[in-house]
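**Student:** See upload-v7.cif below, with mmCIF, N, CA and C atoms; chains and numbers go by the auth columns.
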data_structure
loop_
_atom_site.group_PDB
_atom_site.id
_atom_site.type_symbol
_atom_site.label_atom_id
_atom_site.label_comp_id
_atom_site.label_asym_id
_atom_site.label_seq_id
_atom_site.Cartn_x
_atom_site.Cartn_y
_atom_site.Cartn_z
_atom_site.B_iso_or_equiv
_atom_site.auth_seq_id
_atom_site.auth_asym_id
ATOM 1 N N MET A 1 0.844 -1.174 0.000 0.00 1464 T
ATOM 2 C CA MET A 1 0.000 0.000 0.000 0.00 1464 T
ATOM 3 C C MET A 1 0.895 1.244 0.000 0.00 1464 T
ATOM 4 N N LEU A 2 0.578 2.188 -0.846 0.00 1465 T
ATOM 5 C CA LEU A 2 1.348 3.422 -0.936 0.00 1465 T
ATOM 6 C C LEU A 2 0.987 4.370 0.204 0.00 1465 T
ATOM 7 N N PRO A 3 1.972 5.115 0.690 0.00 1466 T
ATOM 8 C CA PRO A 3 1.672 6.092 1.743 0.00 1466 T
ATOM 9 C C PRO A 3 0.720 7.177 1.229 0.00 1466 T
ATOM 10 N N SER A 4 -0.128 7.655 2.113 0.00 1467 T
ATOM 11 C CA SER A 4 -1.101 8.687 1.751 0.00 1467 T
ATOM 12 C C SER A 4 -0.677 10.040 2.316 0.00 1467 T
ATOM 13 N N LEU A 5 -1.412 11.064 1.948 0.00 1468 T
ATOM 14 C CA LEU A 5 -1.175 12.397 2.490 0.00 1468 T
ATOM 15 C C LEU A 5 -1.211 12.366 4.015 0.00 1468 T
ATOM 16 N N ILE A 6 -2.161 11.631 4.567 0.00 1469 T
ATOM 17 C CA ILE A 6 -2.280 11.522 6.026 0.00 1469 T
ATOM 18 C C ILE A 6 -1.010 10.910 6.619 0.00 1469 T
ATOM 19 N N ASP A 7 -0.443 9.925 5.938 0.00 1470 T
ATOM 20 C CA ASP A 7 0.806 9.321 6.411 0.00 1470 T
ATOM 21 C C ASP A 7 1.929 10.351 6.454 0.00 1470 T
ATOM 22 N N PHE A 8 2.077 11.119 5.372 0.00 1471 T
ATOM 23 C CA PHE A 8 3.143 12.117 5.313 0.00 1471 T
ATOM 24 C C PHE A 8 2.950 13.190 6.382 0.00 1471 T
ATOM 25 N N LEU A 9 1.729 13.657 6.540 0.00 1472 T
ATOM 26 C CA LEU A 9 1.456 14.668 7.565 0.00 1472 T
ATOM 27 C C LEU A 9 1.688 14.097 8.963 0.00 1472 T
ATOM 28 N N GLY A 10 1.357 12.835 9.141 0.00 1473 T
ATOM 29 C CA GLY A 10 1.602 12.178 10.423 0.00 1473 T
ATOM 30 C C GLY A 10 3.087 12.092 10.742 0.00 1473 T
ATOM 31 N N HIS A 11 3.892 11.764 9.736 0.00 1474 T
ATOM 32 C CA HIS A 11 5.346 11.698 9.937 0.00 1474 T
ATOM 33 C C HIS A 11 5.884 13.069 10.333 0.00 1474 T
ATOM 34 N N ILE A 12 5.389 14.094 9.670 0.00 1475 T
ATOM 35 C CA ILE A 12 5.825 15.459 9.982 0.00 1475 T
ATOM 36 C C ILE A 12 5.453 15.808 11.421 0.00 1475 T
ATOM 37 N N GLN A 13 4.234 15.499 11.825 0.00 1476 T
ATOM 38 C CA GLN A 13 3.781 15.806 13.190 0.00 1476 T
ATOM 39 C C GLN A 13 4.608 15.066 14.234 0.00 1476 T
ATOM 40 N N ILE A 14 4.871 13.797 13.998 0.00 1477 T
ATOM 41 C CA ILE A 14 5.668 13.000 14.940 0.00 1477 T
ATOM 42 C C ILE A 14 7.051 13.616 15.126 0.00 1477 T
ATOM 43 N N GLU A 15 7.674 14.003 14.025 0.00 1478 T
ATOM 44 C CA GLU A 15 9.023 14.570 14.112 0.00 1478 T
ATOM 45 C C GLU A 15 9.016 15.952 14.758 0.00 1478 T
ATOM 46 N N LEU A 16 7.998 16.758 14.466 0.00 1479 T
ATOM 47 C CA LEU A 16 7.895 18.067 15.123 0.00 1479 T
ATOM 48 C C LEU A 16 7.721 17.899 16.630 0.00 1479 T
ATOM 49 N N ASP A 17 6.884 16.956 17.026 0.00 1480 T
ATOM 50 C CA ASP A 17 6.694 16.691 18.457 0.00 1480 T
ATOM 51 C C ASP A 17 8.011 16.266 19.106 0.00 1480 T
ATOM 52 N N PHE A 18 8.764 15.404 18.409 0.00 1481 T
ATOM 53 C CA PHE A 18 10.049 14.966 18.947 0.00 1481 T
ATOM 54 C C PHE A 18 11.004 16.143 19.118 0.00 1481 T
ATOM 55 N N ILE A 19 11.097 16.994 18.105 0.00 1482 T
ATOM 56 C CA ILE A 19 12.003 18.147 18.170 0.00 1482 T
ATOM 57 C C ILE A 19 11.644 19.041 19.354 0.00 1482 T
ATOM 58 N N LEU A 20 10.364 19.276 19.553 0.00 1483 T
ATOM 59 C CA LEU A 20 9.941 20.108 20.688 0.00 1483 T
ATOM 60 C C LEU A 20 10.323 19.468 22.021 0.00 1483 T
ATOM 61 N N ARG A 21 10.110 18.162 22.139 0.00 1484 T
ATOM 62 C CA ARG A 21 10.471 17.467 23.384 0.00 1484 T
ATOM 63 C C ARG A 21 11.986 17.446 23.586 0.00 1484 T
ATOM 64 N N ALA A 22 12.728 17.203 22.510 0.00 1485 T
ATOM 65 C CA ALA A 22 14.186 17.074 22.605 0.00 1485 T
ATOM 66 C C ALA A 22 14.865 18.390 22.946 0.00 1485 T
ATOM 67 N N SER A 23 14.218 19.496 22.628 0.00 1486 T
ATOM 68 C CA SER A 23 14.851 20.796 22.863 0.00 1486 T
ATOM 69 C C SER A 23 14.221 21.576 24.019 0.00 1486 T
ATOM 70 N N ALA A 24 13.194 21.028 24.613 0.00 1487 T
ATOM 71 C CA ALA A 24 12.478 21.731 25.685 0.00 1487 T
ATOM 72 C C ALA A 24 13.394 22.017 26.870 0.00 1487 T
ATOM 73 N N GLY A 25 13.346 23.258 27.324 0.00 1488 T
ATOM 74 C CA GLY A 25 14.065 23.644 28.523 0.00 1488 T
ATOM 75 C C GLY A 25 15.567 23.814 28.371 0.00 1488 T
ATOM 76 N N LEU A 26 16.074 23.705 27.155 0.00 1489 T
ATOM 77 C CA LEU A 26 17.516 23.831 26.935 0.00 1489 T
ATOM 78 C C LEU A 26 17.853 25.176 26.319 0.00 1489 T
ATOM 79 N N SER A 27 18.965 25.728 26.741 0.00 1490 T
ATOM 80 C CA SER A 27 19.470 26.912 26.045 0.00 1490 T
ATOM 81 C C SER A 27 20.091 26.432 24.735 0.00 1490 T
ATOM 82 N N SER A 28 20.330 27.348 23.831 0.00 1491 T
ATOM 83 C CA SER A 28 20.954 26.946 22.565 0.00 1491 T
ATOM 84 C C SER A 28 22.340 26.359 22.821 0.00 1491 T
ATOM 85 N N GLU A 29 23.049 26.883 23.809 0.00 1492 T
ATOM 86 C CA GLU A 29 24.378 26.355 24.139 0.00 1492 T
ATOM 87 C C GLU A 29 24.287 24.918 24.655 0.00 1492 T
ATOM 88 N N GLU A 30 23.318 24.673 25.536 0.00 1493 T
ATOM 89 C CA GLU A 30 23.131 23.316 26.067 0.00 1493 T
ATOM 90 C C GLU A 30 22.744 22.349 24.958 0.00 1493 T
ATOM 91 N N PHE A 31 21.852 22.795 24.109 0.00 1494 T
ATOM 92 C CA PHE A 31 21.410 21.943 23.006 0.00 1494 T
ATOM 93 C C PHE A 31 22.579 21.602 22.088 0.00 1494 T
ATOM 94 N N LEU A 32 23.331 22.603 21.682 0.00 1495 T
ATOM 95 C CA LEU A 32 24.437 22.385 20.747 0.00 1495 T
ATOM 96 C C LEU A 32 25.581 21.581 21.362 0.00 1495 T
ATOM 97 N N ALA A 33 25.696 21.594 22.671 0.00 1496 T
ATOM 98 C CA ALA A 33 26.745 20.825 23.341 0.00 1496 T
ATOM 99 C C ALA A 33 26.424 19.334 23.400 0.00 1496 T
ATOM 100 N N ASP A 34 25.184 18.976 23.160 0.00 1497 T
ATOM 101 C CA ASP A 34 24.744 17.578 23.229 0.00 1497 T
ATOM 102 C C ASP A 34 24.701 17.007 21.810 0.00 1497 T
ATOM 103 N N GLU A 35 25.792 16.359 21.406 0.00 1498 T
ATOM 104 C CA GLU A 35 25.899 15.873 20.027 0.00 1498 T
ATOM 105 C C GLU A 35 24.819 14.858 19.670 0.00 1498 T
ATOM 106 N N ILE A 36 24.495 13.977 20.573 0.00 1499 T
ATOM 107 C CA ILE A 36 23.475 12.964 20.279 0.00 1499 T
ATOM 108 C C ILE A 36 22.128 13.631 20.042 0.00 1499 T
ATOM 109 N N ARG A 37 21.792 14.585 20.883 0.00 1500 T
ATOM 110 C CA ARG A 37 20.516 15.294 20.736 0.00 1500 T
ATOM 111 C C ARG A 37 20.483 16.084 19.426 0.00 1500 T
ATOM 112 N N THR A 38 21.571 16.786 19.120 0.00 1501 T
ATOM 113 C CA THR A 38 21.576 17.594 17.892 0.00 1501 T
ATOM 114 C C THR A 38 21.502 16.703 16.658 0.00 1501 T
ATOM 115 N N ARG A 39 22.191 15.567 16.683 0.00 1502 T
ATOM 116 C CA ARG A 39 22.114 14.650 15.534 0.00 1502 T
ATOM 117 C C ARG A 39 20.702 14.084 15.377 0.00 1502 T
ATOM 118 N N ALA A 40 20.050 13.801 16.485 0.00 1503 T
ATOM 119 C CA ALA A 40 18.678 13.283 16.427 0.00 1503 T
ATOM 120 C C ALA A 40 17.738 14.327 15.838 0.00 1503 T
ATOM 121 N N VAL A 41 17.910 15.575 16.229 0.00 1504 T
ATOM 122 C CA VAL A 41 17.058 16.642 15.696 0.00 1504 T
ATOM 123 C C VAL A 41 17.345 16.859 14.211 0.00 1504 T
ATOM 124 N N VAL A 42 18.610 16.799 13.819 0.00 1505 T
ATOM 125 C CA VAL A 42 18.938 16.927 12.394 0.00 1505 T
ATOM 126 C C VAL A 42 18.261 15.810 11.606 0.00 1505 T
ATOM 127 N N ARG A 43 18.275 14.599 12.132 0.00 1506 T
ATOM 128 C CA ARG A 43 17.611 13.483 11.443 0.00 1506 T
ATOM 129 C C ARG A 43 16.109 13.737 11.343 0.00 1506 T
ATOM 130 N N SER A 44 15.517 14.260 12.387 0.00 1507 T
ATOM 131 C CA SER A 44 14.087 14.586 12.336 0.00 1507 T
ATOM 132 C C SER A 44 13.805 15.632 11.263 0.00 1507 T
ATOM 133 N N LEU A 45 14.689 16.617 11.139 0.00 1508 T
ATOM 134 C CA LEU A 45 14.517 17.634 10.095 0.00 1508 T
ATOM 135 C C LEU A 45 14.632 17.019 8.704 0.00 1508 T
ATOM 136 N N GLU A 46 15.514 16.036 8.547 0.00 1509 T
ATOM 137 C CA GLU A 46 15.628 15.335 7.263 0.00 1509 T
ATOM 138 C C GLU A 46 14.331 14.595 6.936 0.00 1509 T
ATOM 139 N N ILE A 47 13.771 13.932 7.937 0.00 1510 T
ATOM 140 C CA ILE A 47 12.518 13.196 7.740 0.00 1510 T
ATOM 141 C C ILE A 47 11.397 14.161 7.375 0.00 1510 T
ATOM 142 N N ILE A 48 11.334 15.300 8.054 0.00 1511 T
ATOM 143 C CA ILE A 48 10.322 16.313 7.735 0.00 1511 T
ATOM 144 C C ILE A 48 10.495 16.787 6.300 0.00 1511 T
ATOM 145 N N GLY A 49 11.725 17.029 5.891 0.00 1512 T
ATOM 146 C CA GLY A 49 11.984 17.473 4.522 0.00 1512 T
ATOM 147 C C GLY A 49 11.542 16.453 3.493 0.00 1512 T
ATOM 148 N N GLU A 50 11.857 15.191 3.734 0.00 1513 T
ATOM 149 C CA GLU A 50 11.463 14.137 2.796 0.00 1513 T
ATOM 150 C C GLU A 50 9.942 13.996 2.740 0.00 1513 T
ATOM 151 N N ALA A 51 9.292 14.016 3.892 0.00 1514 T
ATOM 152 C CA ALA A 51 7.830 13.897 3.917 0.00 1514 T
ATOM 153 C C ALA A 51 7.186 15.106 3.253 0.00 1514 T
ATOM 154 N N SER A 52 7.744 16.286 3.482 0.00 1515 T
ATOM 155 C CA SER A 52 7.186 17.513 2.901 0.00 1515 T
ATOM 156 C C SER A 52 7.239 17.490 1.383 0.00 1515 T
ATOM 157 N N LYS A 53 8.305 16.914 0.841 0.00 1516 T
ATOM 158 C CA LYS A 53 8.432 16.835 -0.619 0.00 1516 T
ATOM 159 C C LYS A 53 7.339 15.975 -1.237 0.00 1516 T
ATOM 160 N N ARG A 54 6.788 15.073 -0.456 0.00 1517 T
ATOM 161 C CA ARG A 54 5.775 14.151 -0.972 0.00 1517 T
ATOM 162 C C ARG A 54 4.339 14.647 -0.769 0.00 1517 T
ATOM 163 N N VAL A 55 4.200 15.774 -0.089 0.00 1518 T
ATOM 164 C CA VAL A 55 2.871 16.372 0.073 0.00 1518 T
ATOM 165 C C VAL A 55 2.493 17.013 -1.258 0.00 1518 T
ATOM 166 N N PRO A 56 1.332 16.672 -1.796 0.00 1519 T
ATOM 167 C CA PRO A 56 0.940 17.195 -3.108 0.00 1519 T
ATOM 168 C C PRO A 56 0.909 18.724 -3.159 0.00 1519 T
ATOM 169 N N GLU A 57 1.278 19.247 -4.311 0.00 1520 T
ATOM 170 C CA GLU A 57 1.310 20.696 -4.507 0.00 1520 T
ATOM 171 C C GLU A 57 -0.060 21.324 -4.267 0.00 1520 T
ATOM 172 N N ALA A 58 -1.117 20.638 -4.667 0.00 1521 T
ATOM 173 C CA ALA A 58 -2.471 21.168 -4.476 0.00 1521 T
ATOM 174 C C ALA A 58 -2.760 21.389 -2.986 0.00 1521 T
ATOM 175 N N PHE A 59 -2.303 20.473 -2.145 0.00 1522 T
ATOM 176 C CA PHE A 59 -2.500 20.626 -0.701 0.00 1522 T
ATOM 177 C C PHE A 59 -1.706 21.817 -0.186 0.00 1522 T
ATOM 178 N N ARG A 60 -0.455 21.935 -0.614 0.00 1523 T
ATOM 179 C CA ARG A 60 0.385 23.056 -0.173 0.00 1523 T
ATOM 180 C C ARG A 60 -0.202 24.384 -0.622 0.00 1523 T
ATOM 181 N N PHE A 61 -0.754 24.422 -1.835 0.00 1524 T
ATOM 182 C CA PHE A 61 -1.363 25.645 -2.346 0.00 1524 T
ATOM 183 C C PHE A 61 -2.608 26.000 -1.536 0.00 1524 T
ATOM 184 N N ALA A 62 -3.414 24.992 -1.194 0.00 1525 T
ATOM 185 C CA ALA A 62 -4.649 25.219 -0.435 0.00 1525 T
ATOM 186 C C ALA A 62 -4.373 25.558 1.030 0.00 1525 T
ATOM 187 N N HIS A 63 -3.182 25.204 1.513 0.00 1526 T
ATOM 188 C CA HIS A 63 -2.814 25.430 2.915 0.00 1526 T
ATOM 189 C C HIS A 63 -1.458 26.117 2.971 0.00 1526 T
ATOM 190 N N PRO A 64 -1.412 27.417 2.671 0.00 1527 T
ATOM 191 C CA PRO A 64 -0.120 28.118 2.598 0.00 1527 T
ATOM 192 C C PRO A 64 0.650 28.116 3.919 0.00 1527 T
ATOM 193 N N GLN A 65 -0.028 27.939 5.039 0.00 1528 T
ATOM 194 C CA GLN A 65 0.675 27.876 6.316 0.00 1528 T
ATOM 195 C C GLN A 65 1.564 26.636 6.383 0.00 1528 T
ATOM 196 N N PHE A 66 1.293 25.639 5.569 0.00 1529 T
ATOM 197 C CA PHE A 66 2.109 24.425 5.524 0.00 1529 T
ATOM 198 C C PHE A 66 3.465 24.700 4.891 0.00 1529 T
ATOM 199 N N ALA A 67 3.461 25.512 3.862 0.00 1530 T
ATOM 200 C CA ALA A 67 4.710 25.818 3.146 0.00 1530 T
ATOM 201 C C ALA A 67 5.499 26.738 3.993 0.00 1530 T
#
Please rewrite the model in this file as structure tokens.
**Tutor:**
Amino acid sequence: MLPSLIDFLGHIQIELDFILRASAGLSSEEFLADEIRTRAVVRSLEIIGEASKRVPEAFRFAHPQFA
């Protein structure tokens, strides 16, 4: 079964939630000093980028806040 728009949006939401949890309560210095945490957040950003590319243009046009 091919992934649907809901799947892609779900992946984006999961990764955004992770980024918020992983960075909560940290200063930028604390965050950047934690290599494991920063690498995990970078990976989440990669996943968001890949999922975003698969969201249909019509959806992005209809929902400019997404872009």
**Student:** Choose the residue, out of T:Leu1468, T:Ala1487, T:Ile1482, T:Val1518, that has the smallest atom-to-atom separation from Ala1503 of chain T; count only C-alpha atoms.
**Tutor:**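 Between T:Leu1468, T:Ala1487, T:Ile1482, T:Val1518, the residue approaching Ala1503 of chain T most closely is T:Ile1482.
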**Student:** Measure the distance from atom N of Leu1489 of chain T to atom C of Ile1510 of chain T in Å and round it to one decimal.
**Tutor:**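 Interatomic distance here is 22.5 Å.
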**Student:** Tell me which of T:Ala1485, T:Ile1475, T:Ala1525, T:Ile1469 sits closest to Val1504 of chain T, counting only N, CA and C atoms.
**Tutor:** T:Ala1485
**Student:** Which one of T:Phe1524, T:Arg1500, T:Leu1472, T:Glu1492 sits closest to Gly1512 of chain T if you count only C-alpha atoms?
**Tutor:**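 Closest residue, counting only C-alpha atoms: T:Leu1472.
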**Student:** Suppose you want the space between atom C of Leu1495 of chain T and atom CA of Phe1481 of chain T; what is it in Å?
**Tutor:**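 Separation between atom C of Leu1495 of chain T and atom CA of Phe1481 of chain T: 17.1 Å.
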